[in-house]
Structures are given as structure tokens and as C-alpha cells.
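With compact mmCIF, C-alpha atoms inside, this is upload.txt:
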```
# COMPACT_ATOMS: atom_id res chain seq x y z
CA MET A 292 27.88 49.42 85.38
CA ILE A 293 27.52 50.67 81.81
CA VAL A 294 30.10 53.21 80.66
CA HIS A 295 30.30 55.46 77.62
CA GLN A 296 33.26 57.48 76.45
CA CYS A 297 31.74 60.28 74.38
CA LYS A 298 33.44 62.15 71.55
CA THR A 299 30.70 64.68 70.76
CA LEU A 300 28.20 66.75 72.72
CA GLU A 301 25.42 65.25 70.62
CA ASP A 302 26.32 61.76 71.88
CA VAL A 303 26.23 63.04 75.47
CA LEU A 304 22.79 64.64 75.06
CA TYR A 305 21.38 61.53 73.41
CA LEU A 306 22.74 59.17 76.08
CA LEU A 307 21.34 61.37 78.85
CA THR A 308 17.84 60.70 77.51
CA GLN A 309 18.41 56.95 77.52
CA TYR A 310 19.11 56.23 81.18
CA GLU A 311 17.61 56.93 84.57
CA ASN A 312 20.41 56.45 87.11
CA CYS A 313 23.34 57.92 85.22
CA LYS A 314 26.15 60.31 86.08
CA ILE A 315 28.38 62.48 83.99
CA ILE A 316 32.08 62.05 84.65
CA ALA A 317 34.72 64.53 83.51
CA GLY A 318 38.00 64.75 85.45
CA GLY A 319 36.72 62.15 87.93
CA THR A 320 38.62 63.67 90.85
CA ASP A 321 35.44 63.95 92.95
CA ILE A 322 33.06 61.37 91.53
CA ILE A 323 35.44 58.40 91.64
CA ILE A 324 36.00 59.00 95.36
CA GLN A 325 32.23 59.29 95.92
CA MET A 326 31.65 56.00 94.10
CA ARG A 327 34.33 54.22 96.07
CA GLU A 328 32.88 55.48 99.32
CA LYS A 329 29.50 54.19 98.06
CA LYS A 330 28.00 57.65 98.49
CA ILE A 331 26.67 57.31 94.98
CA SER A 332 26.13 54.19 92.86
CA PRO A 333 25.32 55.20 89.31
CA GLU A 334 24.36 52.44 86.90
CA VAL A 335 25.76 54.40 83.98
CA LEU A 336 28.75 56.70 83.56
CA ILE A 337 28.97 59.13 80.66
CA ASP A 338 32.48 60.45 80.16
CA ILE A 339 32.78 63.96 78.72
CA SER A 340 36.51 64.44 79.32
CA LYS A 341 37.35 63.83 75.67
CA VAL A 342 34.53 65.89 74.13
CA GLU A 343 36.52 68.53 72.24
CA GLU A 344 33.72 71.10 72.05
CA LEU A 345 33.57 71.18 75.85
CA ARG A 346 37.33 71.69 76.15
CA LYS A 347 37.61 75.08 74.47
CA ILE A 348 38.34 78.51 75.89
CA GLN A 349 36.87 81.08 73.52
CA GLU A 350 36.97 84.86 73.58
CA ASN A 351 35.72 87.73 71.50
CA ASP A 352 35.78 91.51 72.10
CA ARG A 353 33.32 91.35 74.94
CA PHE A 354 32.95 87.83 76.27
CA ILE A 355 34.96 84.85 77.43
CA GLU A 356 33.45 81.39 77.37
CA ILE A 357 35.06 78.45 79.14
CA GLY A 358 33.98 74.94 78.18
CA SER A 359 32.83 72.89 81.16
CA ALA A 360 35.48 70.20 80.62
CA VAL A 361 38.35 72.73 80.60
CA THR A 362 40.79 71.68 83.31
CA PHE A 363 42.39 73.91 85.94
CA SER A 364 45.73 73.36 84.19
CA ASP A 365 44.19 74.53 80.89
CA VAL A 366 43.19 77.77 82.62
CA VAL A 367 46.61 78.20 84.23
CA ASN A 368 48.34 77.68 80.86
CA SER A 369 46.00 79.90 78.86
CA PRO A 370 47.07 83.43 77.86
CA VAL A 371 43.41 84.53 78.12
CA PHE A 372 43.58 84.87 81.89
CA GLU A 373 46.49 87.26 82.23
CA GLY A 374 46.16 90.82 83.50
CA LYS A 375 42.75 91.74 84.84
CA LEU A 376 41.68 88.10 85.10
CA HIS A 377 44.81 87.05 86.96
CA GLY A 378 42.71 86.36 90.09
CA PHE A 379 40.86 83.57 88.29
CA LYS A 380 44.11 82.03 87.14
CA LYS A 381 45.50 82.28 90.67
CA ALA A 382 42.47 80.46 92.08
CA CYS A 383 42.90 77.64 89.56
CA ARG A 384 46.62 77.43 90.26
CA LEU A 385 45.91 76.88 93.97
CA VAL A 386 43.55 73.93 93.41
CA GLY A 387 44.76 70.58 94.77
CA SER A 388 48.01 69.46 93.17
CA PRO A 389 49.44 69.31 89.61
CA GLN A 390 47.83 65.90 89.12
CA ILE A 391 44.41 67.14 90.29
CA ARG A 392 44.67 70.31 88.18
CA ASN A 393 45.48 68.20 85.11
CA ARG A 394 42.18 66.33 85.47
CA GLY A 395 39.76 68.43 87.53
CA THR A 396 37.46 70.68 85.51
CA ILE A 397 35.80 74.07 85.96
CA GLY A 398 32.41 72.51 85.22
CA GLY A 399 32.94 69.85 87.88
CA ASN A 400 33.95 72.48 90.42
CA ILE A 401 30.58 74.17 89.82
CA VAL A 402 28.14 71.27 89.61
CA ASN A 403 29.65 69.47 92.59
CA GLY A 404 28.89 72.59 94.59
CA SER A 405 31.49 72.33 97.32
CA PRO A 406 31.46 75.41 99.60
CA ALA A 407 35.26 75.38 99.26
CA ALA A 408 35.45 75.21 95.43
CA ASP A 409 38.34 77.56 94.63
CA SER A 410 37.38 78.62 91.10
CA ILE A 411 33.93 79.84 92.08
CA PRO A 412 34.44 83.11 94.04
CA PRO A 413 36.28 84.70 91.09
CA LEU A 414 33.59 83.48 88.67
CA LEU A 415 30.94 84.96 90.99
CA CYS A 416 32.71 88.34 90.88
CA LEU A 417 32.59 88.15 87.08
CA ASN A 418 28.78 87.72 87.10
CA SER A 419 29.19 84.44 85.23
CA THR A 420 26.40 82.71 83.40
CA LEU A 421 26.12 78.92 83.20
CA VAL A 422 24.98 77.28 79.96
CA PHE A 423 23.13 73.98 80.29
CA LYS A 424 22.17 71.92 77.28
CA SER A 425 19.80 69.00 76.81
CA PHE A 426 17.86 67.48 73.95
CA ARG A 427 15.07 69.87 74.96
CA GLY A 428 17.19 72.95 74.37
CA VAL A 429 19.50 75.46 76.03
CA ARG A 430 19.07 76.96 79.49
CA GLU A 431 21.11 79.80 80.95
CA VAL A 432 21.37 80.49 84.66
CA LYS A 433 23.35 83.04 86.65
CA LEU A 434 26.08 81.30 88.64
CA GLU A 435 25.08 83.27 91.73
CA ASP A 436 21.46 82.07 91.46
CA TYR A 437 22.54 78.51 90.76
CA PHE A 438 23.83 78.03 94.29
CA LYS A 439 21.06 80.02 95.93
CA TYR A 440 18.22 78.17 94.25
CA THR A 441 19.74 74.79 93.42
CA ASP A 442 16.50 72.99 94.28
CA GLN A 443 14.59 74.88 91.60
CA ILE A 444 17.20 75.63 88.97
CA GLY A 445 19.93 73.05 89.60
CA ILE A 446 21.12 70.77 86.82
CA LYS A 447 18.37 68.48 85.50
CA LYS A 448 18.75 64.77 84.83
CA ASP A 449 18.96 65.14 81.07
CA GLU A 450 21.22 68.21 81.12
CA VAL A 451 24.93 68.77 80.87
CA LEU A 452 26.72 71.97 81.85
CA THR A 453 28.47 72.96 78.63
CA ALA A 454 30.04 76.34 79.36
CA ILE A 455 30.64 79.21 81.75
CA ARG A 456 30.45 82.66 80.17
CA PHE A 457 31.26 86.12 81.45
CA ARG A 458 31.82 89.61 80.13
CA LYS A 459 35.42 90.82 80.09
CA PRO A 460 35.83 92.92 83.20
CA ILE A 461 36.75 96.59 83.51
CA GLY A 462 38.07 96.17 87.03
CA TYR A 463 40.91 94.00 88.25
CA LEU A 464 40.14 90.62 89.76
CA GLU A 465 41.99 89.36 92.84
CA PHE A 466 41.89 86.11 94.79
CA ALA A 467 43.26 84.84 98.09
CA LYS A 468 43.00 81.47 99.77
CA LEU A 469 43.69 80.25 103.25
CA GLY A 470 44.60 76.56 103.38
CA LEU A 471 46.32 74.58 106.09
CA ARG A 472 49.27 73.96 103.81
CA LYS A 473 50.39 74.99 100.35
CA ALA A 474 49.39 72.03 98.21
CA LEU A 475 46.44 69.65 98.40
CA ALA A 476 44.69 71.92 100.86
CA ILE A 477 40.96 72.38 100.91
CA SER A 478 40.27 76.08 101.40
CA ARG A 479 39.40 77.11 104.93
CA ILE A 480 38.40 80.46 103.52
CA SER A 481 38.73 81.93 100.06
CA MET A 482 37.96 85.44 98.86
CA ALA A 483 37.78 87.17 95.51
CA ALA A 484 37.25 90.83 94.75
CA MET A 485 36.96 92.92 91.63
CA VAL A 486 37.13 96.66 91.95
CA HIS A 487 36.83 99.40 89.35
CA LEU A 488 37.89 102.85 90.53
CA ASP A 489 36.95 106.09 88.79
CA GLY A 490 39.39 108.94 88.11
CA ASP A 491 39.00 110.29 91.65
CA GLY A 492 39.79 106.94 93.23
CA ARG A 493 36.18 106.28 94.15
CA ILE A 494 34.77 102.78 93.75
CA ARG A 495 32.60 102.85 90.68
CA ASP A 496 31.95 99.13 90.56
CA ILE A 497 32.73 96.39 93.03
CA ALA A 498 32.18 92.67 93.44
CA VAL A 499 33.26 90.66 96.48
CA ALA A 500 32.72 86.90 96.83
CA SER A 501 33.66 84.36 99.46
CA GLY A 502 34.17 80.61 99.67
CA SER A 503 33.71 78.45 102.78
CA LEU A 504 31.99 81.28 104.63
CA GLY A 505 28.55 79.80 104.10
CA LYS A 506 26.74 76.79 102.69
CA TYR A 507 27.97 77.67 99.23
CA PRO A 508 30.28 80.27 97.67
CA MET A 509 28.47 83.60 97.53
CA ARG A 510 28.62 87.29 96.71
CA GLU A 511 29.04 89.51 99.75
CA ARG A 512 26.39 92.01 98.72
CA LYS A 513 26.35 94.03 101.94
CA VAL A 514 30.08 94.65 101.70
CA GLU A 515 29.67 95.75 98.10
CA GLU A 516 26.82 98.11 99.00
CA TYR A 517 28.89 99.62 101.78
CA LEU A 518 31.96 100.23 99.62
CA LEU A 519 30.29 101.45 96.43
CA GLY A 520 31.05 105.14 95.81
CA LYS A 521 33.69 105.31 98.57
CA THR A 522 37.45 105.49 98.29
CA LEU A 523 39.56 102.61 99.57
CA ASN A 524 41.44 103.69 102.67
CA LYS A 525 42.24 102.34 106.09
CA ARG A 526 38.93 103.43 107.57
CA THR A 527 36.64 102.19 104.80
CA VAL A 528 38.48 98.86 104.63
CA GLU A 529 38.13 98.38 108.42
CA GLU A 530 34.47 99.34 108.33
CA SER A 531 33.70 97.07 105.40
CA LEU A 532 35.46 94.23 107.22
CA GLU A 533 33.00 94.74 110.07
CA VAL A 534 30.12 94.63 107.58
CA LEU A 535 31.50 91.34 106.29
CA ARG A 536 31.81 89.94 109.82
CA LYS A 537 28.24 90.90 110.59
CA SER A 538 27.05 88.90 107.58
CA THR A 539 29.18 85.89 108.43
CA ASP A 540 28.03 86.09 112.08
CA GLU A 541 24.49 85.49 110.85
CA ARG A 542 25.51 82.58 108.66
CA LEU A 543 28.11 80.77 110.72
CA LYS A 544 27.58 81.58 114.39
CA GLY A 545 27.75 78.47 116.58
CA ARG A 546 29.99 76.51 114.21
CA SER A 547 33.10 75.16 115.86
CA THR A 548 35.37 76.62 113.16
CA TYR A 549 33.81 80.06 113.19
CA PRO A 550 35.80 81.86 115.91
CA TYR A 551 38.92 81.02 113.90
CA LYS A 552 37.39 82.01 110.58
CA ARG A 553 36.05 85.26 112.00
CA ARG A 554 39.59 86.36 112.84
CA ALA A 555 41.32 84.83 109.84
CA VAL A 556 39.03 86.46 107.31
CA GLU A 557 40.62 89.83 108.03
CA ARG A 558 43.88 89.07 106.27
CA LEU A 559 42.27 87.57 103.20
CA PHE A 560 39.82 90.41 102.86
CA LYS A 561 42.56 93.00 103.14
CA GLU A 562 44.75 91.06 100.76
CA VAL A 563 42.20 91.02 97.96
CA LEU A 564 41.34 94.69 98.45
CA ARG A 565 44.92 95.83 98.80
CA GLU A 566 45.96 94.02 95.69
CA VAL A 567 43.19 95.53 93.62
CA GLU A 568 44.10 98.93 94.99
CA SER A 569 47.64 98.86 93.64
CA MET B 156 33.42 44.17 80.03
CA ILE B 157 34.45 46.96 77.68
CA ASP B 158 37.16 46.99 75.03
CA ILE B 159 39.79 49.71 75.17
CA GLN B 160 42.99 50.56 73.33
CA LEU B 161 45.93 51.86 75.29
CA THR B 162 49.52 52.70 74.55
CA VAL B 163 51.55 51.95 77.67
CA ASN B 164 55.29 52.54 77.78
CA GLY B 165 55.36 52.62 74.00
CA LYS B 166 53.50 49.32 73.54
CA GLN B 167 49.97 49.12 72.16
CA TYR B 168 47.39 47.06 73.99
CA SER B 169 43.84 46.02 73.16
CA LEU B 170 42.20 45.07 76.42
CA SER B 171 38.84 43.95 77.64
CA ILE B 172 38.39 45.48 81.09
CA ASP B 173 35.78 45.60 83.83
CA GLU B 174 33.78 48.82 83.53
CA ASP B 175 34.33 49.76 87.15
CA LYS B 176 38.11 49.38 87.13
CA ARG B 177 40.19 52.48 87.59
CA LEU B 178 43.27 53.14 85.49
CA ILE B 179 45.47 52.02 88.41
CA ASP B 180 43.64 48.67 88.52
CA VAL B 181 44.06 48.16 84.78
CA LEU B 182 47.78 48.95 84.96
CA ARG B 183 48.49 46.78 87.99
CA GLU B 184 46.10 43.87 87.46
CA ASP B 185 45.63 43.60 83.70
CA LEU B 186 49.13 44.67 82.68
CA GLY B 187 51.12 43.64 85.77
CA LEU B 188 52.74 47.05 86.12
CA THR B 189 53.06 46.97 89.88
CA GLY B 190 55.43 49.94 89.94
CA VAL B 191 52.21 51.95 90.04
CA LYS B 192 51.51 52.15 93.78
CA GLU B 193 48.22 52.70 95.53
CA GLY B 194 48.51 54.82 98.66
CA CYS B 195 45.47 56.79 99.72
CA GLY B 196 43.16 55.99 96.81
CA GLU B 197 41.77 59.52 96.83
CA GLY B 198 44.25 61.74 95.06
CA GLU B 199 46.06 63.06 98.11
CA CYS B 200 49.33 61.14 98.10
CA GLY B 201 50.38 60.86 94.43
CA ALA B 202 51.87 57.35 94.79
CA CYS B 203 49.76 56.20 91.83
CA THR B 204 50.95 59.01 89.54
CA VAL B 205 51.42 58.11 85.88
CA ILE B 206 51.94 60.29 82.82
CA MET B 207 48.85 60.30 80.61
CA ASP B 208 49.10 62.08 77.25
CA GLY B 209 52.06 64.08 78.55
CA LYS B 210 50.49 65.13 81.83
CA THR B 211 50.68 63.64 85.30
CA VAL B 212 47.47 62.18 86.68
CA ASN B 213 46.53 60.21 89.77
CA SER B 214 45.71 56.85 88.20
CA CYS B 215 43.37 56.12 91.13
CA LEU B 216 41.19 59.04 89.96
CA VAL B 217 40.85 58.07 86.31
CA MET B 218 38.43 55.35 85.25
CA GLY B 219 40.02 52.70 83.05
CA PHE B 220 37.57 53.31 80.19
CA GLN B 221 38.36 57.04 80.27
CA ALA B 222 41.94 56.22 79.32
CA ASN B 223 40.81 54.59 76.07
CA GLY B 224 42.96 56.02 73.26
CA SER B 225 45.52 57.50 75.65
CA ASN B 226 49.26 57.20 75.86
CA ILE B 227 50.45 56.20 79.33
CA VAL B 228 53.94 56.15 80.82
CA THR B 229 54.61 54.31 84.08
CA ILE B 230 57.87 53.96 85.99
CA GLU B 231 58.55 50.72 84.07
CA GLY B 232 58.67 52.76 80.86
CA LEU B 233 61.44 55.17 81.79
CA GLU B 234 64.41 52.85 81.39
CA LYS B 235 65.75 52.88 77.83
CA ASP B 236 68.03 50.21 76.31
CA GLY B 237 69.08 48.99 79.70
CA SER B 238 70.00 52.38 81.13
CA LEU B 239 68.02 54.26 83.68
CA ASP B 240 66.35 57.59 82.99
CA PRO B 241 68.54 60.47 84.21
CA VAL B 242 65.90 61.23 86.86
CA GLN B 243 66.10 57.67 88.20
CA GLN B 244 69.90 57.80 88.16
CA ALA B 245 69.92 61.12 89.99
CA PHE B 246 67.62 59.79 92.72
CA ILE B 247 70.04 56.89 93.28
CA ASP B 248 73.16 59.06 93.16
CA VAL B 249 71.82 61.54 95.69
CA GLY B 250 70.29 58.88 97.94
CA ALA B 251 66.84 60.41 97.63
CA VAL B 252 65.09 57.09 98.24
CA GLN B 253 64.30 55.60 101.62
CA CYS B 254 61.34 53.23 101.81
CA GLY B 255 60.71 53.85 98.14
CA PHE B 256 56.92 53.63 98.06
CA CYS B 257 56.41 57.19 96.83
CA ILE B 258 59.33 57.10 94.41
CA PRO B 259 57.68 55.79 91.20
CA GLY B 260 55.05 58.55 91.36
CA MET B 261 57.60 61.10 92.50
CA ILE B 262 59.96 60.32 89.62
CA LEU B 263 57.14 60.52 87.07
CA SER B 264 56.15 63.95 88.40
CA VAL B 265 59.76 65.06 88.05
CA ARG B 266 59.96 63.55 84.55
CA ALA B 267 56.84 65.48 83.46
CA LEU B 268 58.16 68.65 85.07
CA LEU B 269 61.53 68.46 83.28
CA ASP B 270 59.86 67.60 79.97
CA GLU B 271 57.85 70.80 80.23
CA ASN B 272 60.46 72.97 81.87
CA PRO B 273 64.07 71.76 81.48
CA ASN B 274 65.40 74.40 83.91
CA PRO B 275 63.03 74.66 86.84
CA THR B 276 63.81 76.91 89.81
CA GLU B 277 63.82 75.53 93.35
CA GLU B 278 60.28 76.84 93.77
CA GLU B 279 59.10 75.30 90.52
CA ILE B 280 60.59 71.97 91.57
CA ARG B 281 58.75 72.06 94.90
CA GLU B 282 55.55 73.02 93.12
CA GLY B 283 56.11 70.23 90.58
CA ILE B 284 56.31 67.56 93.28
CA SER B 285 53.65 69.12 95.54
CA GLY B 286 51.18 66.38 94.62
CA ASN B 287 53.50 63.60 95.83
CA LEU B 288 53.80 62.94 99.52
CA CYS B 289 56.94 61.36 100.96
CA ARG B 290 56.90 60.35 104.60
CA CYS B 291 60.59 59.41 104.87
CA THR B 292 62.95 61.88 103.30
CA GLY B 293 61.73 65.33 104.24
CA TYR B 294 62.00 66.21 100.53
CA ASN B 295 65.40 67.92 100.63
CA LYS B 296 67.23 64.99 99.06
CA ILE B 297 64.50 64.67 96.48
CA VAL B 298 64.79 68.31 95.48
CA GLU B 299 68.56 67.88 95.35
CA ALA B 300 68.07 64.89 93.04
CA VAL B 301 65.93 66.98 90.71
CA HIS B 302 68.68 69.59 90.48
CA LEU B 303 71.14 66.82 89.67
CA ALA B 304 68.83 65.29 87.04
CA ARG B 305 68.52 68.71 85.47
CA ARG B 306 72.30 68.93 85.28
CA TYR B 307 72.58 65.40 83.83
CA GLU B 308 70.09 66.28 81.12
CA ASN B 309 71.55 69.62 80.24
CA GLY B 310 74.98 68.03 80.07
CA ALA B 311 76.49 70.37 82.65
```

Full structure transcribed into C-alpha cells:
Amino acid sequence: MIVHQCKTLEDVLYLLTQYENCKIIAGGTDIIIQMREKKISPEVLIDISKVEELRKIQENDRFIEIGSAVTFSDVVNSPVFEGKLHGFKKACRLVGSPQIRNRGTIGGNIVNGSPAADSIPPLLCLNSTLVFKSFRGVREVKLEDYFKYTDQIGIKKDEVLTAIRFRKPIGYLEFAKLGLRKALAISRISMAAMVHLDGDGRIRDIAVASGSLGKYPMRERKVEEYLLGKTLNKRTVEESLEVLRKSTDERLKGRSTYPYKRRAVERLFKEVLREVES
Amino acid sequence: MIDIQLTVNGKQYSLSIDEDKRLIDVLREDLGLTGVKEGCGEGECGACTVIMDGKTVNSCLVMGFQANGSNIVTIEGLEKDGSLDPVQQAFIDVGAVQCGFCIPGMILSVRALLDENPNPTEEEIREGISGNLCRCTGYNKIVEAVHLARRYENGA
């Protein structure tokens, strides 16, 4: 195996053009396990974990941009994700264990595409955009589309995910996770919601996203459509829960874990909506 | 083989390592630091925990070459001038050790926690050691030891 520890993005982009069977490694918390299980056998590893330009969290008046090699601990310790973005911080705080959060990266969580990736439902609610770079140029893709159309628009051989960007939200972002224990638990279900109410308490803008309720984390568009323009109360929450269950019925029916998930989703859904309500 | 520079327990090393070695392999095989234990090999158990540039990592989930330029602390590096680190002493005084396999990683997690937060609450302690599994003690003695270490360090 040939290995490269890169210091600059330029080095990474150049090396990506030089090899066929190569893999990018950042935190390593997924890829090292895959290599040891012989699920993948790259001839070349390109390490981006010490590339400073990929480790920055930047914000201006309107946007926040998270470098792909930013770790979950970096997010948890950053003042940028207080207040309205607390749900994103919460999701990152519930990943794995302290050791995993110190190494695992936001970019890795996205490109590895696990249905249970905790950081993704909140990023979906924020309408995030992914920035890919290669020697050929820059390509931007909506996070939501990335999972839907991975075959067409997934990461290319010579590309590296450099950043995740989203507009600062007006609404308040919430997140809830169901794991079998507190630490080191892969999510059985995760949910994120972002709700913006108008002066009369009606929902002016809403985003709901789920993890582990399908092949990949996704926006729950039917739930959003149902709730838009309504007020949040016992009846509308119950009815929107049924809308959610109808969607998950279509996606997950027949799976051995589904009868459990179908019941368990209620509490998570209510938790994320109740918390945005207050 | 690839050349790397490491600082381990305050000593500088220039090593030529196999590209496919993980940090745990470099520490145990190249440097003989067998206090670093391998349990699950997939980041679940925390037995291989070391402190890398001030933060705990599972050394089974870091490639050796990725650690180039880093500063590593293993359990062997905690003892100073012949006396144990207060965390080690507290674990002994409380009797928080049974089989001992998880203890090097456990103590390094506690060390990193106290370095960052000298006065952790019970909940913060449990969170701080949540990446280290112990199959013997049931954790209560370990948490008690962390409280004691905190008192030793704050001189109370």
C-alpha cells in the first residue's frame, strides 16, 4: 500500500489524479474497519485529516460552511452551533463515543452514506449543499439529492468533498435519536425537525428529516406538506404522525425491525416537534 | 516502509513503519508499549485508547502514518519521577481495577477528561468514560476513583 499524509488541498487534488485504486482517509473510524474486514482493499490511501483548510468552520451573516474534515468534537466545542442550530450540535454529541467524536468527521459521515449517520438529518433540514473539488473544478450538489441520486451525482474518483454549506436558519432545529444504549449506539431511528412559526403560531416553514427509516437519511416531504400552514397542536401532530407512518410503511414494510420502528417513531417525532414548539 | 516522526510519552522517535500498520501496531510492536491493549479492533471497547495531541483516540482506528508529527501519550507515560499519576493512584486506592485489561485506556480517558475539565460532574465523568467498556467492575468503583483523583488534584 502507498500512503500519503497531505498538508494542503492542492496536494490532495493532485494525488487523486495520479492513482486508480485510491481512497481518501480522514478520521479513519469507518475505513480502517472496512479495510481490516477486507471489504475494500485500496492500493493507495490519501490522508486529509491534517489538511488545515478542510478543518475550518466559517460563518458570515448568511451562511455557515463546515470543512469536510471537521470532527464531531469540533462541532460540539464550537460556539457557532448554539441556539437555533443546537439540534445539529446535539446530533454530533450523540455520535459514538468521545474517542470516535475526536476522529470521525462530518465529511466522512456524508460520503460513507450510512442510513444511520447521525449528523445528516439535521443537515438535511438545513437544505445543505455539498462542495466537491477536483483538478477539473468545483461541483456543488444538494445533500438531499446526493443520497437520492448517488449513482449519477455521487463523489467521483478524482474528487474530494471539501465542505458542507447551509444558510443560517430562521427556525429552530431539533434532533432526537433512539439507540439501544447511551454511548456507542448506532441509531435505530433518528429524527430532525426545523420549524418556523409566524406571529399567529402557524407553521410558515418546516423541514423534517429521518435517519434509519429508509435506505438513506431523507426529508419527510409528505409530513412537511401536511403541516405547512397549520398550527402545532395535539390533533395536527397525531395526524402528521400518521402521514409519516404511511410513508415509512411504503419504504420499510416487511422488514423484521419495522413493527418496532413503526411504534417507536412516535416518541421521537413528538420529541422533535414538541421541542421546537417551546 | 514510510518514515514518520512521533513524540511518544515526551520522547521523540524517527521510525520507519509498514504503511498498513495502525497506530496501535506501531506503539505495541515498534515501540514495545504493550500497555496499549487491543480489544475489539473496531472502536467499540476503548481498550486501545491513547491521547493524541491532547485528545483521546482509539489507536486501532488511526493509521500509523496519520500520526506522523503527533504527540502521543500512553499509559507508560503517566508516571512521573517514579510516582504514579493521581488518576492511577486513585484507581488503586479505590480498588477500581479487577482484571485490568480496560484500565490503561480507561485511565487515559479520565486523564484527558480532567485535563479539559478539572471538576467534572458525575454525569460528565460517565460521559467521559462512555467510550471505554469494562466487563468486571460495573463502573461504580471507576467513577468513585475519578472523584477521588479529582480531589487529589485539586488538593482537597

query: Within 10 Å of chain A, which residues of chain B show up when using all atoms listed in the file, listed as a PyMOL selection string?
result: chain B and resi 156-157+173-175+177+196-201+204-207+210-218+220-224+264+268+281-287

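CA of Leu417 in chain A is found 10.8 Å from CA of Phe354 in chain A.
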
query: Suppose you want the space between CA of Phe256 in chain B and CA of Leu170 in chain B; what is it in Å?
result: 27.5 Å

query: From the set A:Pro412, A:Gly505, A:Gly445, A:Gly358, which residue has the shortest atom-to-atom contact distance to Arg546 in chain A, counting all atoms listed in the file?
result: A:Gly505

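Counting only C-alpha atoms, Arg554 in chain A has the following residues at most 12 Å away, ignoring those fewer than 5 positions along the same chain: Ile480, Leu532, Glu533, Leu535, Arg536, Thr539, Asp540, Thr548, Tyr549, Leu559 and Phe560 of chain A.
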
Emit as lines of an AutoDock Vina configuration file the padded axis-aligned box for all listed atoms of range 487-494 of chain A, 6 Å per side, with centre and edge lengths in Å to one decimal.
```
center_x = 37.3
center_y = 104.8
center_z = 91.1
size_x = 17.0
size_y = 22.9
size_z = 18.0
```

task: May I have the protein, DNA and RNA residues with any atom at most 8 Å from the point (28.4, 86.6, 85.1), counting only C-alpha atoms, written as a list in words?
output: Leu414, Leu415, Cys416, Leu417, Asn418, Ser419, Thr420, Lys433, Leu434, Arg456, Phe457 and Arg458 of chain A

query: Closest to Leu300 in chain A among A:Lys314, A:Lys513, A:Lys330, A:Lys424, using only C-alpha atoms?
result: A:Lys424

task: Record the distance separating CA of Cys195 in chain B and CA of Val252 in chain B, expressed in Å with one decimal.
output: 19.7 Å

- prompt: Can you tell me, as a VMD selection string, what residues are no more than 12 Å from range 368-380 of chain A when counting all atoms listed in the file, ignoring any on the same chain fewer than 4 positions away?
  reply: (chain A and resid 347 to 352 354 to 357 361 to 364 384 to 386 392 to 393 397 409 to 417 457 to 468 481 to 487 562 to 564 566 to 567) or (chain B and resid 271)
